[in-house]
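Printed here is data.txt (compact mmCIF, C-alpha atoms):
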# COMPACT_ATOMS: atom_id res chain seq x y z
CA MET H 23 -45.10 -64.39 63.98
CA ALA H 24 -46.46 -63.18 67.30
CA ILE H 25 -46.04 -59.48 67.99
CA ALA H 26 -44.64 -58.53 71.39
CA ARG H 27 -47.18 -57.34 73.94
CA GLN H 28 -45.31 -54.11 74.70
CA ASP H 29 -45.08 -53.27 71.00
CA ILE H 30 -48.84 -53.75 70.60
CA LEU H 31 -49.60 -51.59 73.62
CA LYS H 32 -47.25 -48.90 72.33
CA ARG H 33 -49.15 -48.86 69.02
CA LEU H 34 -52.54 -48.75 70.71
CA ARG H 35 -51.63 -46.03 73.21
CA SER H 36 -50.02 -43.95 70.47
CA GLN H 37 -53.30 -44.03 68.56
CA VAL H 38 -55.27 -42.98 71.60
CA GLU H 39 -52.85 -40.12 72.26
CA GLN H 40 -53.38 -38.97 68.68
CA GLY H 41 -57.14 -38.92 69.25
CA ARG H 42 -57.84 -41.97 67.08
CA PHE H 43 -60.05 -44.81 68.25
CA ILE H 44 -58.89 -48.43 68.47
CA VAL H 45 -60.80 -50.92 66.33
CA GLY H 46 -60.69 -54.67 66.88
CA ALA H 47 -62.31 -57.16 64.52
CA GLY H 48 -63.46 -60.74 64.90
CA ALA H 49 -62.51 -62.94 61.96
CA GLY H 50 -64.21 -66.24 61.19
CA THR H 51 -62.33 -66.80 57.92
CA GLY H 52 -58.98 -65.96 56.39
CA LEU H 53 -60.71 -63.59 53.96
CA SER H 54 -62.38 -61.71 56.82
CA ALA H 55 -58.98 -61.28 58.48
CA LYS H 56 -57.32 -60.21 55.24
CA CYS H 57 -59.99 -57.60 54.52
CA ALA H 58 -60.00 -56.29 58.10
CA GLU H 59 -56.25 -55.78 57.92
CA ALA H 60 -56.59 -54.02 54.56
CA GLY H 61 -59.09 -51.67 56.23
CA GLY H 62 -56.57 -50.75 58.91
CA VAL H 63 -57.87 -52.73 61.88
CA ASP H 64 -55.74 -52.69 65.04
CA LEU H 65 -56.49 -56.15 66.44
CA ILE H 66 -57.87 -59.34 64.90
CA ILE H 67 -59.55 -61.86 67.20
CA ILE H 68 -60.49 -65.37 66.15
CA TYR H 69 -62.73 -67.66 68.19
CA ASN H 70 -65.16 -70.46 67.58
CA SER H 71 -68.25 -68.25 67.15
CA GLY H 72 -66.62 -66.70 64.10
CA ARG H 73 -66.74 -70.02 62.33
CA TYR H 74 -70.40 -70.56 63.27
CA ARG H 75 -71.32 -66.98 62.44
CA MET H 76 -69.86 -67.18 58.94
CA ALA H 77 -71.63 -70.51 58.47
CA GLY H 78 -74.94 -68.68 58.94
CA ARG H 79 -75.54 -69.67 62.56
CA GLY H 80 -76.06 -67.36 65.50
CA SER H 81 -72.98 -66.39 67.50
CA LEU H 82 -74.33 -68.14 70.59
CA ALA H 83 -73.63 -71.44 68.80
CA GLY H 84 -70.14 -70.90 70.18
CA LEU H 85 -71.47 -71.39 73.73
CA LEU H 86 -73.26 -74.65 72.98
CA PRO H 87 -71.81 -78.19 72.65
CA TYR H 88 -71.39 -78.18 68.89
CA GLY H 89 -67.61 -78.51 68.86
CA ASP H 90 -64.39 -78.21 70.85
CA ALA H 91 -64.03 -74.43 71.14
CA ASN H 92 -60.31 -74.40 71.89
CA GLN H 93 -59.47 -76.89 69.14
CA ILE H 94 -61.55 -74.91 66.64
CA VAL H 95 -59.39 -71.85 67.41
CA VAL H 96 -56.24 -73.87 66.73
CA ASP H 97 -57.73 -75.00 63.40
CA MET H 98 -58.79 -71.45 62.51
CA GLY H 99 -55.33 -70.20 63.41
CA ALA H 100 -53.87 -72.30 60.60
CA GLU H 101 -56.18 -70.44 58.21
CA VAL H 102 -55.83 -66.91 59.58
CA LEU H 103 -52.30 -66.54 60.95
CA PRO H 104 -50.43 -67.12 57.65
CA ILE H 105 -52.50 -64.52 55.81
CA VAL H 106 -52.19 -61.64 58.29
CA ARG H 107 -49.08 -59.53 57.73
CA ASP H 108 -48.64 -56.95 60.49
CA THR H 109 -51.72 -57.02 62.71
CA PRO H 110 -51.77 -58.75 66.12
CA VAL H 111 -53.98 -61.85 66.05
CA LEU H 112 -55.61 -62.88 69.32
CA ALA H 113 -57.14 -66.23 70.23
CA GLY H 114 -60.49 -66.64 71.90
CA VAL H 115 -59.79 -69.07 74.73
CA CYS H 116 -62.41 -71.05 76.64
CA GLY H 117 -60.91 -70.60 80.07
CA THR H 118 -63.36 -72.99 81.74
CA ASP H 119 -62.32 -75.93 79.51
CA PRO H 120 -61.69 -78.85 81.92
CA PHE H 121 -59.87 -80.84 79.23
CA ARG H 122 -56.99 -78.40 78.74
CA ILE H 123 -53.91 -77.83 80.88
CA MET H 124 -54.22 -74.09 80.46
CA ASP H 125 -50.53 -73.23 80.87
CA VAL H 126 -49.62 -75.70 78.13
CA TYR H 127 -52.43 -74.58 75.82
CA LEU H 128 -51.51 -70.90 76.16
CA MET H 129 -47.89 -71.67 75.33
CA GLN H 130 -49.09 -73.62 72.29
CA LEU H 131 -51.08 -70.61 71.08
CA LYS H 132 -48.08 -68.32 71.56
CA ALA H 133 -45.84 -70.74 69.66
CA MET H 134 -48.36 -70.79 66.79
CA GLY H 135 -48.03 -67.02 66.40
CA PHE H 136 -50.94 -65.67 68.42
CA SER H 137 -50.07 -62.36 70.07
CA GLY H 138 -52.74 -62.43 72.75
CA VAL H 139 -55.97 -63.88 74.06
CA GLN H 140 -59.57 -63.08 74.87
CA ASN H 141 -61.97 -65.05 77.09
CA PHE H 142 -64.42 -66.69 74.71
CA PRO H 143 -66.57 -68.75 74.96
CA THR H 144 -67.45 -66.98 78.20
CA VAL H 145 -69.92 -67.77 80.95
CA GLY H 146 -70.34 -64.00 81.19
CA LEU H 147 -73.05 -64.35 78.55
CA MET H 148 -74.95 -66.79 80.76
CA ASP H 149 -77.23 -65.79 83.62
CA GLY H 150 -79.97 -67.04 85.92
CA VAL H 151 -79.96 -70.43 87.65
CA PHE H 152 -77.76 -71.94 84.93
CA ARG H 153 -75.01 -69.37 85.54
CA GLN H 154 -75.34 -69.86 89.29
CA ASN H 155 -74.98 -73.62 88.90
CA LEU H 156 -71.88 -73.20 86.71
CA GLU H 157 -70.29 -71.05 89.41
CA GLU H 158 -71.23 -73.58 92.09
CA THR H 159 -69.79 -76.55 90.20
CA GLY H 160 -66.36 -75.15 89.34
CA MET H 161 -67.02 -73.82 85.83
CA GLY H 162 -67.41 -70.12 86.61
CA TYR H 163 -66.05 -66.79 85.45
CA ASP H 164 -63.15 -66.87 87.90
CA LEU H 165 -61.53 -69.58 85.74
CA GLU H 166 -61.56 -67.08 82.87
CA VAL H 167 -59.94 -64.51 85.14
CA GLU H 168 -57.26 -67.06 86.02
CA MET H 169 -56.68 -67.80 82.32
CA ILE H 170 -56.13 -64.09 81.70
CA ARG H 171 -53.71 -64.00 84.64
CA LYS H 172 -51.71 -66.91 83.20
CA ALA H 173 -51.67 -65.31 79.74
CA HIS H 174 -50.45 -62.03 81.24
CA GLU H 175 -47.62 -63.89 82.97
CA LEU H 176 -46.66 -65.35 79.56
CA ASP H 177 -46.51 -61.77 78.24
CA LEU H 178 -49.44 -62.25 75.88
CA LEU H 179 -51.74 -59.29 75.23
CA THR H 180 -54.96 -59.78 77.20
CA THR H 181 -58.28 -58.26 76.09
CA PRO H 182 -61.02 -59.90 78.16
CA TYR H 183 -64.75 -59.50 77.83
CA VAL H 184 -66.29 -58.03 80.99
CA PHE H 185 -70.00 -57.59 81.62
CA ASN H 186 -70.15 -55.57 84.83
CA GLU H 187 -68.06 -53.58 87.28
CA GLU H 188 -67.11 -56.56 89.45
CA GLU H 189 -65.70 -58.46 86.49
CA ALA H 190 -63.87 -55.35 85.28
CA ILE H 191 -62.13 -55.11 88.65
CA LYS H 192 -61.22 -58.80 88.67
CA MET H 193 -59.77 -58.70 85.17
CA ALA H 194 -57.84 -55.50 85.85
CA GLU H 195 -56.36 -57.08 88.96
CA ALA H 196 -55.35 -60.10 86.85
CA GLY H 197 -53.28 -57.80 84.63
CA ALA H 198 -55.61 -57.31 81.67
CA ASP H 199 -54.33 -54.83 79.08
CA VAL H 200 -57.65 -53.99 77.42
CA LEU H 201 -61.14 -54.44 78.85
CA VAL H 202 -63.84 -55.10 76.28
CA ALA H 203 -67.09 -53.82 77.81
CA HIS H 204 -69.63 -56.32 76.49
CA VAL H 205 -73.23 -55.09 76.37
CA GLY H 206 -74.84 -58.21 74.91
CA LEU H 207 -75.29 -60.21 71.74
CA THR H 208 -75.09 -58.03 68.62
CA THR H 209 -78.43 -57.04 67.12
CA LYS H 210 -79.39 -56.50 63.46
CA GLY H 211 -78.98 -58.67 60.38
CA SER H 212 -80.51 -62.04 59.58
CA ILE H 213 -79.22 -63.84 62.70
CA GLY H 214 -78.83 -60.94 65.15
CA ALA H 215 -80.45 -60.80 68.56
CA ALA H 216 -83.74 -59.01 69.13
CA THR H 217 -83.35 -58.55 72.88
CA ALA H 218 -80.74 -55.98 73.89
CA LEU H 219 -80.01 -52.87 75.89
CA THR H 220 -80.73 -49.51 74.29
CA LEU H 221 -77.82 -47.38 73.14
CA ASP H 222 -78.28 -45.06 76.10
CA GLU H 223 -78.29 -48.01 78.52
CA SER H 224 -75.14 -49.23 76.79
CA VAL H 225 -73.48 -45.85 77.33
CA ASP H 226 -74.19 -46.10 81.05
CA LEU H 227 -72.89 -49.69 81.38
CA VAL H 228 -69.76 -49.06 79.31
CA GLN H 229 -68.93 -46.01 81.43
CA ARG H 230 -69.40 -47.93 84.68
CA ILE H 231 -67.16 -50.75 83.44
CA HIS H 232 -64.56 -48.21 82.34
CA ASP H 233 -64.54 -46.46 85.69
CA ALA H 234 -64.28 -49.73 87.62
CA GLY H 235 -61.34 -50.98 85.55
CA LYS H 236 -59.50 -47.67 85.77
CA SER H 237 -59.95 -47.59 89.55
CA VAL H 238 -57.68 -50.64 89.76
CA LYS H 239 -55.34 -50.08 86.81
CA PRO H 240 -55.24 -46.45 85.61
CA ASP H 241 -53.43 -47.24 82.35
CA ILE H 242 -55.85 -49.97 81.26
CA LEU H 243 -57.55 -49.43 77.90
CA VAL H 244 -61.32 -49.89 77.58
CA ILE H 245 -63.28 -50.49 74.38
CA CYS H 246 -66.95 -51.36 73.81
CA HIS H 247 -68.69 -54.23 72.07
CA GLY H 248 -72.03 -55.85 71.30
CA GLY H 249 -75.73 -55.31 71.81
CA PRO H 250 -77.09 -52.36 69.84
CA ILE H 251 -73.57 -51.17 68.93
CA SER H 252 -73.85 -52.72 65.48
CA GLU H 253 -72.89 -50.00 63.01
CA PRO H 254 -70.20 -47.29 62.92
CA GLU H 255 -72.87 -44.74 63.80
CA ASP H 256 -73.81 -46.74 66.90
CA ALA H 257 -70.19 -46.94 68.04
CA GLY H 258 -69.82 -43.21 67.43
CA TYR H 259 -72.90 -42.55 69.55
CA VAL H 260 -71.47 -44.50 72.50
CA LEU H 261 -67.93 -43.17 72.17
CA LYS H 262 -69.11 -39.55 72.05
CA ARG H 263 -71.15 -39.99 75.23
CA THR H 264 -68.56 -41.81 77.33
CA ARG H 265 -65.35 -40.52 78.91
CA GLY H 266 -62.06 -42.32 78.40
CA VAL H 267 -63.38 -45.20 76.28
CA SER H 268 -60.80 -45.84 73.58
CA GLY H 269 -62.53 -47.77 70.82
CA PHE H 270 -64.74 -50.57 69.58
CA PHE H 271 -64.49 -54.29 68.97
CA GLY H 272 -66.78 -55.73 66.32
CA ALA H 273 -67.37 -59.32 65.32
CA SER H 274 -70.81 -59.72 63.74
CA SER H 275 -70.83 -56.00 63.04
CA ILE H 276 -67.57 -56.16 61.07
CA GLU H 277 -67.73 -59.47 59.23
CA ARG H 278 -71.29 -60.83 59.29
CA LEU H 279 -73.41 -57.74 58.65
CA PRO H 280 -71.21 -56.37 55.81
CA THR H 281 -71.13 -59.81 54.18
CA GLU H 282 -74.92 -60.19 54.37
CA ILE H 283 -75.45 -56.78 52.82
CA ALA H 284 -72.77 -57.03 50.13
CA ILE H 285 -73.67 -60.47 48.80
CA THR H 286 -77.41 -59.82 48.89
CA GLU H 287 -77.07 -56.55 46.99
CA GLN H 288 -74.60 -57.99 44.46
CA VAL H 289 -76.97 -60.84 43.60
CA ARG H 290 -79.87 -58.38 43.27
CA LYS H 291 -77.82 -56.31 40.81
CA PHE H 292 -77.07 -59.37 38.69
CA LYS H 293 -80.69 -60.45 38.78
CA SER H 294 -81.79 -57.02 37.64
CA LEU H 295 -79.80 -57.20 34.39
Just give me the structure as structure tokens.
Amino acid sequence: MAIARQDILKRLRSQVEQGRFIVGAGAGTGLSAKCAEAGGVDLIIIYNSGRYRMAGRGSLAGLLPYGDANQIVVDMGAEVLPIVRDTPVLAGVCGTDPFRIMDVYLMQLKAMGFSGVQNFPTVGLMDGVFRQNLEETGMGYDLEVEMIRKAHELDLLTTPYVFNEEEAIKMAEAGADVLVAHVGLTTKGSIGAATALTLDESVDLVQRIHDAGKSVKPDILVICHGGPISEPEDAGYVLKRTRGVSGFFGASSIERLPTEIAITEQVRKFKSL
């Protein structure tokens, strides 16, 4: 069953008031979701990249034409939603999808038991001439902002990815509850990115996104994600050096990296017998 938006926000804000950080986790399988909940995660987010990630492909597969992103989330929901007991589950929604009537699709997700949404796949990860052409041809980031606005009006929790101050302002104005300051594709592991900001550059960007969002909506929550923020120590580094940032969202860092390490080491132990 979906959990009411106000109840989720009450939980999250209570944690922050107690000095505890919020942790969100991407889940590409039911087992990932089950284990994240057992670990005490606050939010579970499922989106198409989770399926590709746990199939051994890079997360950017979710931005390429390998499947219907929004339908994949519906399919994954049937696997994840029944196994999660008391943790809000959010859907990654491709807000630029021209083959969905977004109002209808969002109501479908809510009826399935999703408690909120995030904008993924997102054109925010695209840049250069390609990004410019997407914006010029009606497939730009503003459609994701509009999706978040519609979800907010349906009283779904909204936790959009934002990549800069301008996007933080737009999403805050659309009613976003939590801004996820995205600093790039996660590094480390067998299929992690090699090109990324440094941790110190990430601190600066996360803080600027935080300040921009708060300037519009003072009670908005801001958490960080991606790039070099791959391990708990990395998240701790960023959170200690920023002001007002309330937590961390991990996808590859919570389900892919631990799985790679655990299975590899377990096999090595058996082989060493």
Please report as CSV every residue of range 197-260 of chain H lying within 10 Å of range 25-49 of chain H, along with the nearest atom pair and their distance in Å (one decimal), using all atoms listed in the file.
residue,atom,partner,partner_atom,distance
H:Asp199,CA,H:Leu31,CA,7.9
H:Val200,CA,H:Leu31,CA,9.2
H:Val202,CA,H:Gly46,CA,9.9
H:Asp241,CA,H:Arg35,CA,9.4
H:Ile242,CA,H:Arg35,CA,9.9
H:Leu243,CA,H:Arg35,CA,8.3
H:Val244,CA,H:Ile44,CA,9.5
H:Ile245,CA,H:Ile44,CA,7.6
H:Cys246,CA,H:Val45,CA,9.7
H:His247,CA,H:Gly46,CA,9.5
H:Gly258,CA,H:Phe43,CA,9.9
Pro182 in chain H: which residues within 8 Å, counting only C-alpha atoms, same-chain residues fewer than 4 positions away excluded, as a ChimeraX atom specification? /H:139-141,170,193,198,200-202
Using all atoms listed in the file: which of H:Leu131, H:Leu147, H:Phe142, H:Gly266 has the shortest distance to Asn70 in chain H: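 Result for the nearest residue to Asn70 in chain H: H:Phe142.
Going from CA of Gly114 in chain H over to CA of Ser268 in chain H, you cover 20.9 Å.
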Using all atoms listed in the file, pick whichever of H:Met161, H:Ala133, H:Met76, H:Leu261 has the shortest atom-to-atom distance to Thr51 in chain H.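 Smallest separation from Thr51 in chain H among the options: H:Met76.
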Using all atoms listed in the file for the distances, tell me which of H:Met124, H:Val205, H:Leu295, H:Cys116 is nearest to Gly162 in chain H. H:Cys116
Quick one: distance from CA of Val95 in chain H to CA of Lys192 in chain H in Å, one decimal?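 Between CA of Val95 in chain H and CA of Lys192 in chain H the gap works out to 25.0 Å.
Rounded to one decimal, CA of Pro104 in chain H and CA of Glu277 in chain H lie 19.0 Å from each other.
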Using all atoms of range 37-52 of chain H listed in the file and a margin of 5 Å per side, can you give the axis-aligned box centre and edge lengths in Å to one decimal, as JSON?
{"center_x": -58.5, "center_y": -52.9, "center_z": 64.3, "size_x": 21.4, "size_y": 37.9, "size_z": 25.9}
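Comparing the minimum interatomic distances between Glu189 in chain H and each of H:Ile231, H:Arg153, H:Gly138, H:Met169, counting all atoms listed in the file, we find that H:Ile231 sits nearest.
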Rank nothing, just name the residue among H:Ser294, H:Asn155, H:Thr109, H:Thr180 nearest to Ala194 in chain H, using all atoms listed in the file. H:Thr180
Ranking H:Ile276, H:Ala234, H:Ile285, H:Ala190 by minimum distance to Ala55 in chain H and counting all atoms listed in the file, which one comes first? H:Ile276
Skip Gly249 in chain H itself and residues of its chain fewer than 3 positions away, then list as a ChimeraX atom specification all residues within 12 Å of it, counting all atoms listed in the file. /H:147,185,203-210,214-225,227-228,246,252-253,256-257,260,271-275
For a cut-off of 12 Å around (-69.0, -71.1, 58.1), file coordinates, pick out all residues using all atoms listed in the file and list them as a list in words. Ala49, Gly50, Thr51, Gly52, Leu53, Ser54, Asn70, Ser71, Gly72, Arg73, Tyr74, Arg75, Met76, Ala77, Gly78, Arg79, Gly80, Ser81, Ala83, Ile94, Met98, Glu277 and Arg278 of chain H
